[in-house]
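Asker: The structure file start-v5.cif (mmCIF, C-alpha atoms and all ligand atoms) is provided below.
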```cif
data_start
#
loop_
_atom_site.group_PDB
_atom_site.id
_atom_site.type_symbol
_atom_site.label_atom_id
_atom_site.label_comp_id
_atom_site.auth_asym_id
_atom_site.auth_seq_id
_atom_site.Cartn_x
_atom_site.Cartn_y
_atom_site.Cartn_z
ATOM 1 C CA MET V 1 -1.990 34.267 -7.000
ATOM 2 C CA ARG V 2 1.577 33.096 -6.458
ATOM 3 C CA GLN V 3 3.738 35.953 -5.167
ATOM 4 C CA THR V 4 7.451 35.900 -5.885
ATOM 5 C CA PHE V 5 10.442 38.121 -5.318
ATOM 6 C CA ASN V 6 13.867 38.442 -6.879
ATOM 7 C CA PHE V 7 15.926 36.347 -4.498
ATOM 8 C CA GLY V 8 19.683 36.475 -3.940
ATOM 9 C CA HIS V 9 20.658 34.199 -1.087
ATOM 10 C CA PHE V 10 19.574 32.902 2.328
ATOM 11 C CA ILE V 11 21.756 32.368 5.397
ATOM 12 C CA PRO V 12 19.628 30.412 7.901
ATOM 13 C CA ILE V 13 21.772 31.164 10.936
ATOM 14 C CA SER V 14 24.325 33.936 11.393
ATOM 15 C CA THR V 15 25.936 35.313 14.530
ATOM 16 C CA VAL V 16 27.861 38.121 12.814
ATOM 17 C CA ASP V 17 25.176 40.199 11.124
ATOM 18 C CA TRP V 18 23.528 41.696 14.229
ATOM 19 C CA HIS V 19 25.788 42.077 17.234
ATOM 20 C CA GLY V 20 24.383 40.044 20.130
ATOM 21 C CA ARG V 21 21.763 38.197 18.111
ATOM 22 C CA CYS V 22 21.468 34.960 16.187
ATOM 23 C CA VAL V 23 19.662 35.825 12.943
ATOM 24 C CA SER V 24 18.604 34.627 9.513
ATOM 25 C CA VAL V 25 19.730 36.816 6.613
ATOM 26 C CA ILE V 26 17.744 37.129 3.379
ATOM 27 C CA PHE V 27 19.550 38.722 0.434
ATOM 28 C CA PHE V 28 17.335 40.434 -2.126
ATOM 29 C CA ARG V 29 18.643 40.594 -5.679
ATOM 30 C CA GLY V 30 18.989 43.925 -7.475
ATOM 31 C CA CYS V 31 20.580 47.257 -6.590
ATOM 32 C CA GLN V 32 20.408 50.739 -8.102
ATOM 33 C CA LEU V 33 24.027 51.507 -7.137
ATOM 34 C CA ARG V 34 27.290 50.147 -8.562
ATOM 35 C CA CYS V 35 29.820 50.701 -5.793
ATOM 36 C CA PRO V 36 33.221 49.676 -7.211
ATOM 37 C CA TYR V 37 34.133 47.950 -3.916
ATOM 38 C CA CYS V 38 30.870 45.970 -3.731
ATOM 39 C CA GLN V 39 31.349 42.617 -1.991
ATOM 40 C CA ASN V 40 27.873 41.404 -2.931
ATOM 41 C CA HIS V 41 28.115 41.962 -6.681
ATOM 42 C CA ALA V 42 26.666 38.510 -7.285
ATOM 43 C CA TYR V 43 23.320 39.900 -6.098
ATOM 44 C CA ILE V 44 23.149 43.309 -7.753
ATOM 45 C CA THR V 45 21.826 42.152 -11.137
ATOM 46 C CA GLY V 46 19.952 39.241 -12.638
ATOM 47 C CA SER V 47 16.739 37.458 -11.925
ATOM 48 C CA SER V 48 16.039 34.515 -9.636
ATOM 49 C CA GLU V 49 12.407 34.442 -8.603
ATOM 50 C CA MET V 50 11.454 32.763 -5.372
ATOM 51 C CA ASP V 51 8.006 32.118 -4.015
ATOM 52 C CA ILE V 52 7.402 34.345 -0.981
ATOM 53 C CA ASP V 53 5.555 31.526 0.771
ATOM 54 C CA ASP V 54 8.621 29.288 0.348
ATOM 55 C CA MET V 55 10.737 31.993 1.960
ATOM 56 C CA LYS V 56 8.257 32.189 4.827
ATOM 57 C CA SER V 57 8.548 28.411 5.274
ATOM 58 C CA GLN V 58 12.328 28.758 5.516
ATOM 59 C CA ILE V 59 11.944 31.450 8.192
ATOM 60 C CA SER V 60 9.519 29.241 10.116
ATOM 61 C CA LYS V 61 11.944 26.305 9.993
ATOM 62 C CA THR V 62 14.808 28.347 11.449
ATOM 63 C CA LYS V 63 12.672 30.287 13.917
ATOM 64 C CA PRO V 64 13.566 28.062 16.929
ATOM 65 C CA PHE V 65 17.223 29.006 16.489
ATOM 66 C CA ILE V 66 17.031 32.749 15.793
ATOM 67 C CA SER V 67 15.700 35.929 17.370
ATOM 68 C CA ALA V 68 15.628 38.135 14.272
ATOM 69 C CA VAL V 69 15.591 38.301 10.483
ATOM 70 C CA VAL V 70 17.890 40.686 8.624
ATOM 71 C CA PHE V 71 17.025 41.810 5.090
ATOM 72 C CA SER V 72 20.058 42.525 2.949
ATOM 73 C CA GLY V 73 21.074 42.563 -0.684
ATOM 74 C CA GLY V 74 21.466 44.031 -3.184
ATOM 75 C CA GLU V 75 19.023 46.599 -1.994
ATOM 76 C CA PRO V 76 15.922 45.165 -0.296
ATOM 77 C CA THR V 77 13.845 48.377 -0.473
ATOM 78 C CA LEU V 78 13.726 48.049 -4.277
ATOM 79 C CA GLN V 79 11.196 45.238 -3.727
ATOM 80 C CA ARG V 80 8.842 47.043 -1.407
ATOM 81 C CA ASP V 81 5.923 44.604 -1.445
ATOM 82 C CA ALA V 82 7.989 41.483 -0.772
ATOM 83 C CA LEU V 83 10.056 43.237 1.873
ATOM 84 C CA ILE V 84 7.030 44.486 3.779
ATOM 85 C CA ASP V 85 5.286 41.128 3.460
ATOM 86 C CA LEU V 86 8.285 39.170 4.775
ATOM 87 C CA ALA V 87 9.064 41.701 7.524
ATOM 88 C CA GLY V 88 5.436 41.505 8.667
ATOM 89 C CA PHE V 89 5.633 37.711 8.650
ATOM 90 C CA ALA V 90 8.776 37.775 10.796
ATOM 91 C CA ARG V 91 7.187 40.240 13.155
ATOM 92 C CA SER V 92 4.027 38.138 13.465
ATOM 93 C CA GLY V 93 6.281 35.305 14.640
ATOM 94 C CA SER V 94 7.782 37.526 17.359
ATOM 95 C CA LEU V 95 11.075 37.908 15.519
ATOM 96 C CA ALA V 96 12.910 41.225 15.459
ATOM 97 C CA VAL V 97 13.538 42.772 12.037
ATOM 98 C CA GLY V 98 16.730 44.379 10.780
ATOM 99 C CA LEU V 99 17.276 46.099 7.444
ATOM 100 C CA GLU V 100 20.596 46.600 5.679
ATOM 101 C CA THR V 101 20.115 49.417 3.192
ATOM 102 C CA ASN V 102 22.009 51.865 1.016
ATOM 103 C CA GLY V 103 19.450 54.518 2.023
ATOM 104 C CA PHE V 104 18.082 55.189 -1.464
ATOM 105 C CA GLY V 105 14.626 53.867 -0.599
ATOM 106 C CA ALA V 106 13.784 56.510 1.995
ATOM 107 C CA ASP V 107 10.022 56.239 1.328
ATOM 108 C CA VAL V 108 10.034 52.477 1.945
ATOM 109 C CA VAL V 109 12.053 52.852 5.142
ATOM 110 C CA GLU V 110 9.634 55.520 6.332
ATOM 111 C CA GLU V 111 6.640 53.295 5.556
ATOM 112 C CA MET V 112 8.202 50.391 7.450
ATOM 113 C CA LEU V 113 8.962 52.629 10.413
ATOM 114 C CA ASP V 114 5.400 53.940 10.399
ATOM 115 C CA LYS V 115 4.096 50.359 10.365
ATOM 116 C CA GLY V 116 6.381 49.412 13.253
ATOM 117 C CA LEU V 117 8.171 46.806 11.125
ATOM 118 C CA LEU V 118 11.764 47.744 11.913
ATOM 119 C CA ASP V 119 13.819 47.192 15.055
ATOM 120 C CA LYS V 120 17.202 48.075 13.625
ATOM 121 C CA VAL V 121 18.526 49.701 10.456
ATOM 122 C CA PHE V 122 22.077 49.210 9.177
ATOM 123 C CA LEU V 123 22.576 52.219 6.919
ATOM 124 C CA ASP V 124 25.438 52.723 4.482
ATOM 125 C CA VAL V 125 26.692 56.288 4.376
ATOM 126 C CA LYS V 126 29.195 55.804 1.613
ATOM 127 C CA ALA V 127 30.634 59.314 1.354
ATOM 128 C CA PRO V 128 29.943 62.775 2.823
ATOM 129 C CA LEU V 129 26.230 63.412 2.288
ATOM 130 C CA ASP V 130 26.748 67.004 1.168
ATOM 131 C CA GLU V 131 29.184 66.057 -1.611
ATOM 132 C CA PRO V 132 27.103 64.711 -4.531
ATOM 133 C CA LYS V 133 30.047 64.349 -6.911
ATOM 134 C CA GLN V 134 32.016 62.246 -4.430
ATOM 135 C CA TYR V 135 28.845 60.262 -3.652
ATOM 136 C CA SER V 136 28.392 59.475 -7.333
ATOM 137 C CA ILE V 137 32.019 58.314 -7.689
ATOM 138 C CA VAL V 138 31.834 56.046 -4.655
ATOM 139 C CA THR V 139 28.507 54.558 -5.752
ATOM 140 C CA GLY V 140 29.458 54.170 -9.420
ATOM 141 C CA ILE V 141 26.569 56.166 -10.848
ATOM 142 C CA ASN V 142 26.211 59.525 -12.617
ATOM 143 C CA VAL V 143 26.277 62.804 -10.704
ATOM 144 C CA ASP V 144 22.506 63.375 -10.853
ATOM 145 C CA ALA V 145 21.799 59.896 -9.507
ATOM 146 C CA GLY V 146 24.598 60.278 -6.957
ATOM 147 C CA SER V 147 23.042 63.516 -5.775
ATOM 148 C CA LYS V 148 19.702 61.741 -5.368
ATOM 149 C CA ALA V 149 21.377 58.848 -3.535
ATOM 150 C CA ALA V 150 23.033 61.239 -1.067
ATOM 151 C CA GLU V 151 19.800 63.203 -0.573
ATOM 152 C CA ASN V 152 17.715 60.077 0.004
ATOM 153 C CA THR V 153 20.316 58.602 2.342
ATOM 154 C CA ALA V 154 20.220 61.788 4.419
ATOM 155 C CA ARG V 155 16.404 61.466 4.563
ATOM 156 C CA THR V 156 16.651 57.824 5.602
ATOM 157 C CA LEU V 157 19.146 58.738 8.296
ATOM 158 C CA ASP V 158 16.917 61.503 9.591
ATOM 159 C CA LYS V 159 13.846 59.233 9.662
ATOM 160 C CA CYS V 160 15.652 56.493 11.544
ATOM 161 C CA ILE V 161 17.003 58.972 14.077
ATOM 162 C CA ARG V 162 13.563 60.499 14.616
ATOM 163 C CA ALA V 163 12.012 57.043 15.000
ATOM 164 C CA GLY V 164 14.454 56.335 17.827
ATOM 165 C CA ILE V 165 15.192 52.794 16.695
ATOM 166 C CA GLU V 166 18.585 51.148 16.880
ATOM 167 C CA LEU V 167 20.735 52.478 14.056
ATOM 168 C CA GLU V 168 24.126 51.461 12.768
ATOM 169 C CA VAL V 169 25.699 53.784 10.208
ATOM 170 C CA ARG V 170 28.461 52.173 8.184
ATOM 171 C CA THR V 171 31.184 53.552 5.973
ATOM 172 C CA THR V 172 33.394 51.261 3.914
ATOM 173 C CA VAL V 173 36.879 52.675 3.454
ATOM 174 C CA PHE V 174 38.778 51.818 0.310
ATOM 175 C CA ARG V 175 42.114 53.238 -0.802
ATOM 176 C CA GLY V 176 41.738 55.862 -3.515
ATOM 177 C CA LEU V 177 37.959 55.995 -3.068
ATOM 178 C CA VAL V 178 36.948 56.631 0.552
ATOM 179 C CA GLY V 179 39.542 57.617 3.131
ATOM 180 C CA ALA V 180 40.253 59.424 6.374
ATOM 181 C CA GLU V 181 38.970 62.833 5.278
ATOM 182 C CA ASP V 182 35.647 61.346 4.121
ATOM 183 C CA VAL V 183 35.291 59.495 7.419
ATOM 184 C CA ARG V 184 35.972 62.708 9.324
ATOM 185 C CA LYS V 185 33.253 64.583 7.415
ATOM 186 C CA ILE V 186 30.678 61.793 7.791
ATOM 187 C CA PHE V 187 31.466 61.516 11.454
ATOM 188 C CA GLN V 188 31.084 65.270 11.953
ATOM 189 C CA TYR V 189 27.680 65.125 10.220
ATOM 190 C CA LEU V 190 26.571 62.296 12.507
ATOM 191 C CA ASP V 191 27.944 63.904 15.615
ATOM 192 C CA GLU V 192 25.907 67.016 14.896
ATOM 193 C CA CYS V 193 22.663 65.087 14.379
ATOM 194 C CA GLU V 194 20.190 65.615 17.138
ATOM 195 C CA CYS V 195 19.726 62.044 18.185
ATOM 196 C CA ASP V 196 19.685 59.790 21.179
ATOM 197 C CA SER V 197 23.322 58.806 20.828
ATOM 198 C CA GLY V 198 22.664 55.621 22.777
ATOM 199 C CA ASN V 199 20.849 54.237 19.723
ATOM 200 C CA LEU V 200 23.510 55.111 17.177
ATOM 201 C CA THR V 201 26.598 53.108 16.287
ATOM 202 C CA TYR V 202 29.128 54.286 13.717
ATOM 203 C CA ALA V 203 31.155 51.504 12.101
ATOM 204 C CA ILE V 204 34.137 51.955 9.786
ATOM 205 C CA GLN V 205 34.551 48.875 7.618
ATOM 206 C CA GLN V 206 37.739 47.887 5.830
ATOM 207 C CA GLY V 207 36.957 47.349 2.148
ATOM 208 C CA LEU V 208 38.473 44.132 0.829
ATOM 209 C CA PRO V 209 39.825 44.354 -2.737
ATOM 210 C CA ASP V 210 39.988 40.557 -3.130
ATOM 211 C CA ASN V 211 36.197 40.314 -2.997
ATOM 212 C CA THR V 212 35.520 43.041 -5.569
ATOM 213 C CA LEU V 213 34.749 42.503 -9.217
ATOM 214 C CA ASP V 214 37.636 44.489 -10.672
ATOM 215 C CA MET V 215 39.564 46.297 -7.925
ATOM 216 C CA GLN V 216 41.696 43.389 -6.737
ATOM 217 C CA ASP V 217 44.915 45.283 -7.491
ATOM 218 C CA ILE V 218 44.231 48.029 -4.941
ATOM 219 C CA GLU V 219 46.022 47.634 -1.620
ATOM 220 C CA LYS V 220 43.551 47.458 1.242
ATOM 221 C CA PHE V 221 43.831 49.837 4.184
ATOM 222 C CA SER V 222 45.583 48.029 7.029
ATOM 223 C CA ARG V 223 43.871 47.509 10.354
ATOM 224 C CA GLN V 224 46.174 50.210 11.819
ATOM 225 C CA GLU V 225 45.132 52.702 9.120
ATOM 226 C CA VAL V 226 41.438 52.009 9.787
ATOM 227 C CA LEU V 227 42.057 52.324 13.515
ATOM 228 C CA ASP V 228 43.819 55.658 12.955
ATOM 229 C CA MET V 229 40.739 56.927 11.066
ATOM 230 C CA ALA V 230 38.535 56.006 14.004
ATOM 231 C CA THR V 231 40.763 57.436 16.697
ATOM 232 C CA ALA V 232 41.368 60.680 14.757
ATOM 233 C CA ILE V 233 37.717 61.612 15.119
ATOM 234 C CA LYS V 234 36.782 63.304 18.338
ATOM 235 C CA PRO V 235 33.319 62.244 19.408
ATOM 236 C CA VAL V 236 31.177 64.665 21.314
ATOM 237 C CA ASN V 237 27.820 62.967 21.190
ATOM 238 C CA LEU V 238 28.468 59.546 19.692
ATOM 239 C CA LYS V 239 29.170 56.866 22.251
ATOM 240 C CA ASP V 240 29.687 53.762 20.116
ATOM 241 C CA ILE V 241 32.317 53.727 17.368
ATOM 242 C CA ARG V 242 33.612 50.494 15.896
ATOM 243 C CA ILE V 243 35.993 49.270 13.235
ATOM 244 C CA ARG V 244 35.772 46.019 11.317
ATOM 245 C CA THR V 245 38.865 44.539 9.719
ATOM 246 C CA ILE V 246 39.905 41.185 8.354
ATOM 247 C CA GLU V 247 42.826 41.218 10.824
ATOM 248 C CA ASN V 248 40.916 41.631 14.097
ATOM 249 C CA GLY V 249 37.224 41.383 13.278
ATOM 250 C CA GLU V 250 35.022 43.877 15.126
ATOM 251 C CA GLU V 251 36.590 46.218 17.692
ATOM 252 C CA ARG V 252 34.813 48.847 19.714
ATOM 253 C CA ILE V 253 36.893 52.037 19.862
ATOM 254 C CA VAL V 254 34.597 54.249 21.939
HETATM 255 S S1 LIG T 301 24.745 49.471 -2.409
HETATM 256 FE FE1 LIG T 301 25.615 47.614 -1.520
HETATM 257 S S2 LIG T 301 24.877 45.938 -2.854
HETATM 258 FE FE2 LIG T 301 24.552 47.872 -3.969
HETATM 259 S S3 LIG T 301 26.383 48.075 -5.265
HETATM 260 FE FE3 LIG T 301 26.743 49.221 -3.357
HETATM 261 S S4 LIG T 301 27.821 47.778 -1.995
HETATM 262 FE FE4 LIG T 301 26.873 46.579 -3.663
#
```
What's the structure tokens form of this structure?
Ligand code: SF4
Answerer:
Amino acid sequence: MRQTFNFGHFIPISTVDWHGRCVSVIFFRGCQLRCPYCQNHAYITGSSEMDIDDMKSQISKTKPFISAVVFSGGEPTLQRDALIDLAGFARSGSLAVGLETNGFGADVVEEMLDKGLLDKVFLDVKAPLDEPKQYSIVTGINVDAGSKAAENTARTLDKCIRAGIELEVRTTVFRGLVGAEDVRKIFQYLDECECDSGNLTYAIQQGLPDNTLDMQDIEKFSRQEVLDMATAIKPVNLKDIRIRTIENGEERIV
């Protein structure tokens, strides 16, 4: 029987989605969160079915030019079967697999880790994980769902750390929504995690109002303000902290 998935977009070749690698990026459509600063809002709702075999053909065509496939969205873990099928296909072709996730699908991440299908996870930690109300505001959902999102994200984080794979935790900062104090709390949480710090990167990303659905009037944090957030935190265990801004691109701070 023909297997399909709810498809968002395909970038055959990207050099910016996995530092040091040339990758294909597959965007899955659909997301359970509604972050007001979302830059990928075109992919969070709607339906656009694509044949999984056609997607595999696209991966095969670009395989000579890439070393990995990154699954993004939307939220890829919402479509467990397609995600696992495509990740397995990439793996069978000796490609590395990366997953960009909001952390809600902790069970799917755990299953993929158990099956050895993940080489790197890019995990959004959108607000302090022990503050459900703030998590719900930043993710645009009600407090109960926000509490669940924070809890599941903490589980996903813990599973990735225990698996010892490469992990990049990301926080998007956005004026009036997520700022320096949130970054400090998230950073403290990460710094206290018992992990091999060599596998963990923390990236602070400048949210861009122009790309949002209805927050274009908010002034973005400047590169200097984002840099100040990164340099204000005093790492003990973490050895790789980065900022990403429209002004200077990616900069490694520690
Ligand atoms: S989790 Fe990501 S894709 Fe989903 S609404 Fe938030 S920013 Fe957008």
Asker: Counting only C-alpha atoms, figure out which residue out of V:Asp107, V:Glu219, V:Asp182, V:Asp53 gets nearest to Asp158 (chain V).
Answerer: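 Of all the options, V:Asp107 lies closest to Asp158 (chain V).
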Asker: Hey, what comes out of the PyMOL selection byres (((not hetatm)) within 7 of (chain T and resi 301)) on this file? Could you write it as a PyMOL selection string?
Answerer: chain V and resi 31-35+37-41+44+73-75+102+139
Asker: Taking only C-alpha atoms into account, which of V:Gly249, V:Gly93, V:Gly146, V:Gly88 comes nearest Ala203 (chain V)?
Answerer: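 Selected residue with least distance to Ala203 (chain V): V:Gly249.
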Asker: Edge lengths and centre in Å to one decimal, as AutoDock Vina command-line options, is what I'm after for the box along x, y and z that holds all listed atoms of region 23-41 of chain V once 5 Å is added on each side.
Answerer:
```
--center_x 25.7 --center_y 43.1 --center_z 2.2 --size_x 26.8 --size_y 26.9 --size_z 31.5
```
Asker: Evaluate the PyMOL selection byres (((chain V and resi 166) around 12) and not hetatm) on the structure here and hand back the selected residues as a short mmCIF file (atom, residue, chain, number, x, y, z; two decimals) with C-alpha atoms, keeping the file's coordinate frame.
Answerer:
```cif
data_model
loop_
_atom_site.label_atom_id
_atom_site.label_comp_id
_atom_site.auth_asym_id
_atom_site.auth_seq_id
_atom_site.Cartn_x
_atom_site.Cartn_y
_atom_site.Cartn_z
CA TRP V 18 23.53 41.70 14.23
CA HIS V 19 25.79 42.08 17.23
CA ALA V 96 12.91 41.22 15.46
CA VAL V 97 13.54 42.77 12.04
CA GLY V 98 16.73 44.38 10.78
CA LEU V 99 17.28 46.10 7.44
CA LEU V 113 8.96 52.63 10.41
CA LEU V 118 11.76 47.74 11.91
CA ASP V 119 13.82 47.19 15.06
CA LYS V 120 17.20 48.08 13.62
CA VAL V 121 18.53 49.70 10.46
CA PHE V 122 22.08 49.21 9.18
CA LEU V 123 22.58 52.22 6.92
CA LEU V 157 19.15 58.74 8.30
CA LYS V 159 13.85 59.23 9.66
CA CYS V 160 15.65 56.49 11.54
CA ILE V 161 17.00 58.97 14.08
CA ARG V 162 13.56 60.50 14.62
CA ALA V 163 12.01 57.04 15.00
CA GLY V 164 14.45 56.34 17.83
CA ILE V 165 15.19 52.79 16.70
CA LEU V 167 20.74 52.48 14.06
CA GLU V 168 24.13 51.46 12.77
CA VAL V 169 25.70 53.78 10.21
CA CYS V 195 19.73 62.04 18.18
CA ASP V 196 19.68 59.79 21.18
CA SER V 197 23.32 58.81 20.83
CA GLY V 198 22.66 55.62 22.78
CA ASN V 199 20.85 54.24 19.72
CA LEU V 200 23.51 55.11 17.18
CA THR V 201 26.60 53.11 16.29
CA TYR V 202 29.13 54.29 13.72
CA ASP V 240 29.69 53.76 20.12
#
```
Asker: Identify, on the basis of only C-alpha atoms, every residue whose closest approach to Arg223 (chain V) does not exceed 9 Å; exclude the query and any residue fewer than 4 positions from it along the same chain; express the result as a list in words.
Answerer: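 The contact residues come out as Gln206, Leu227, Asp228, Ile243, Arg244, Thr245, Ile246, Glu247 and Asn248 of chain V.
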Asker: For Ala149 (chain V), list every protein, DNA or RNA residue within 10 Å, evaluated using all atoms listed in the file, and leave out those in the same chain fewer than 2 positions away; present the list as a list of chain:residue names.
Answerer: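 My reading of the contact set: V:Gln32, V:Leu33, V:Asn102, V:Gly103, V:Phe104, V:Gly105, V:Ala106, V:Val125, V:Lys126, V:Leu129, V:Pro132, V:Tyr135, V:Ser136, V:Thr139, V:Ile141, V:Val143, V:Asp144, V:Ala145, V:Gly146, V:Ser147, V:Glu151, V:Asn152, V:Thr153, V:Ala154, V:Arg155.
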Asker: What's the 10 Å shell around Asp85 (chain V), counting only C-alpha atoms, without same-chain residues fewer than 4 positions away, as a count of residues only?
Answerer: 9
Asker: Tell me which protein, DNA and RNA residues are within 6 Å of Ile204 (chain V), counting all atoms listed in the file, leaving out same-chain ones fewer than 2 positions away, and put them as a PyMOL selection string.
Answerer: chain V and resi 170-172+243
Asker: May I have the selected residues written with C-alpha atoms, as a PDB file, in the coordinates of the input?
Answerer:
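Output file out32.pdb is given in full below:
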```
ATOM      1  CA  ARG V 170      28.461  52.173   8.184  1.00  0.00           C
ATOM      2  CA  THR V 171      31.184  53.552   5.973  1.00  0.00           C
ATOM      3  CA  THR V 172      33.394  51.261   3.914  1.00  0.00           C
ATOM      4  CA  ILE V 243      35.993  49.270  13.235  1.00  0.00           C
TER       5      ILE V 243
END
```
Asker: For CA of Asp210 (chain V) and CA of Gly30 (chain V), quote the distance in Å rounded to one decimal.
Answerer: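 Here the two named atoms are 21.7 Å from each other.
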Asker: Run through the PyMOL selection byres (((chain V and resi 62-69) around 8) and not hetatm) on the given coordinates and return the selected residues as a PDB file with C-alpha atoms, in the coordinates of the input.
Answerer:
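New file part-v4.pdb:
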```pdb
ATOM      1  CA  PRO V  12      19.628  30.412   7.901  1.00  0.00           C
ATOM      2  CA  ILE V  13      21.772  31.164  10.936  1.00  0.00           C
ATOM      3  CA  ARG V  21      21.763  38.197  18.111  1.00  0.00           C
ATOM      4  CA  CYS V  22      21.468  34.960  16.187  1.00  0.00           C
ATOM      5  CA  VAL V  23      19.662  35.825  12.943  1.00  0.00           C
ATOM      6  CA  SER V  24      18.604  34.627   9.513  1.00  0.00           C
ATOM      7  CA  VAL V  25      19.730  36.816   6.613  1.00  0.00           C
ATOM      8  CA  ILE V  26      17.744  37.129   3.379  1.00  0.00           C
ATOM      9  CA  GLN V  58      12.328  28.758   5.516  1.00  0.00           C
ATOM     10  CA  ILE V  59      11.944  31.450   8.192  1.00  0.00           C
ATOM     11  CA  SER V  60       9.519  29.241  10.116  1.00  0.00           C
ATOM     12  CA  LYS V  61      11.944  26.305   9.993  1.00  0.00           C
ATOM     13  CA  VAL V  70      17.890  40.686   8.624  1.00  0.00           C
ATOM     14  CA  PHE V  71      17.025  41.810   5.090  1.00  0.00           C
ATOM     15  CA  ALA V  87       9.064  41.701   7.524  1.00  0.00           C
ATOM     16  CA  ALA V  90       8.776  37.775  10.796  1.00  0.00           C
ATOM     17  CA  LEU V  95      11.075  37.908  15.519  1.00  0.00           C
ATOM     18  CA  ALA V  96      12.910  41.225  15.459  1.00  0.00           C
ATOM     19  CA  VAL V  97      13.538  42.772  12.037  1.00  0.00           C
ATOM     20  CA  GLY V  98      16.730  44.379  10.780  1.00  0.00           C
TER      21      GLY V  98
END
```
Asker: Using all atoms listed in the file for the distances, tell me which of V:Lys148, V:Ile11, V:Leu177, V:Glu49 is nearest to Met215 (chain V).
Answerer: V:Leu177
Asker: For Asp54 (chain V), which residue among V:Phe10, V:Ile253, V:Val16, V:Lys115 is the nearest when counting only C-alpha atoms?
Answerer: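 For Asp54 (chain V), the nearest of the given residues is V:Phe10.
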Asker: I want to know what sits within 8 Å of Ile233 (chain V), based on all atoms listed in the file, with residues of the same chain fewer than 2 positions away left out; could you give that as a PDB file with C-alpha atoms, in the frame of the given file?
Answerer:
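To be explicit, this is the file written out as part.pdb:
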```pdb
ATOM      1  CA  ARG V 184      35.972  62.708   9.324  1.00  0.00           C
ATOM      2  CA  PHE V 187      31.466  61.516  11.454  1.00  0.00           C
ATOM      3  CA  MET V 229      40.739  56.927  11.066  1.00  0.00           C
ATOM      4  CA  ALA V 230      38.535  56.006  14.004  1.00  0.00           C
ATOM      5  CA  THR V 231      40.763  57.436  16.697  1.00  0.00           C
ATOM      6  CA  PRO V 235      33.319  62.244  19.408  1.00  0.00           C
TER       7      PRO V 235
END
```
Asker: In Å, how far is it from CA of Ala127 (chain V) to CA of Tyr189 (chain V)?
Answerer: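 These atoms are spaced 11.0 Å apart.
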Asker: Between V:Gly140, V:Asn6, V:Glu225, V:Ser14, which has the minimum distance to Pro76 (chain V) (counting only C-alpha atoms)?
Answerer: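 Once distances to Pro76 (chain V) are computed over only C-alpha atoms, the minimum belongs to V:Asn6.
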Asker: Please compute the CA of Leu190 (chain V)-CA of Phe221 (chain V) distance, one decimal, in Å.
Answerer: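 Between CA of Leu190 (chain V) and CA of Phe221 (chain V) the gap works out to 22.9 Å.
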Asker: Closest to Leu238 (chain V) among V:Gln216, V:Gln205, V:Gln188, V:Gln224, using only C-alpha atoms?
Answerer: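 Of V:Gln216, V:Gln205, V:Gln188, V:Gln224, the one nearest Leu238 (chain V) is V:Gln188, counting only C-alpha atoms.
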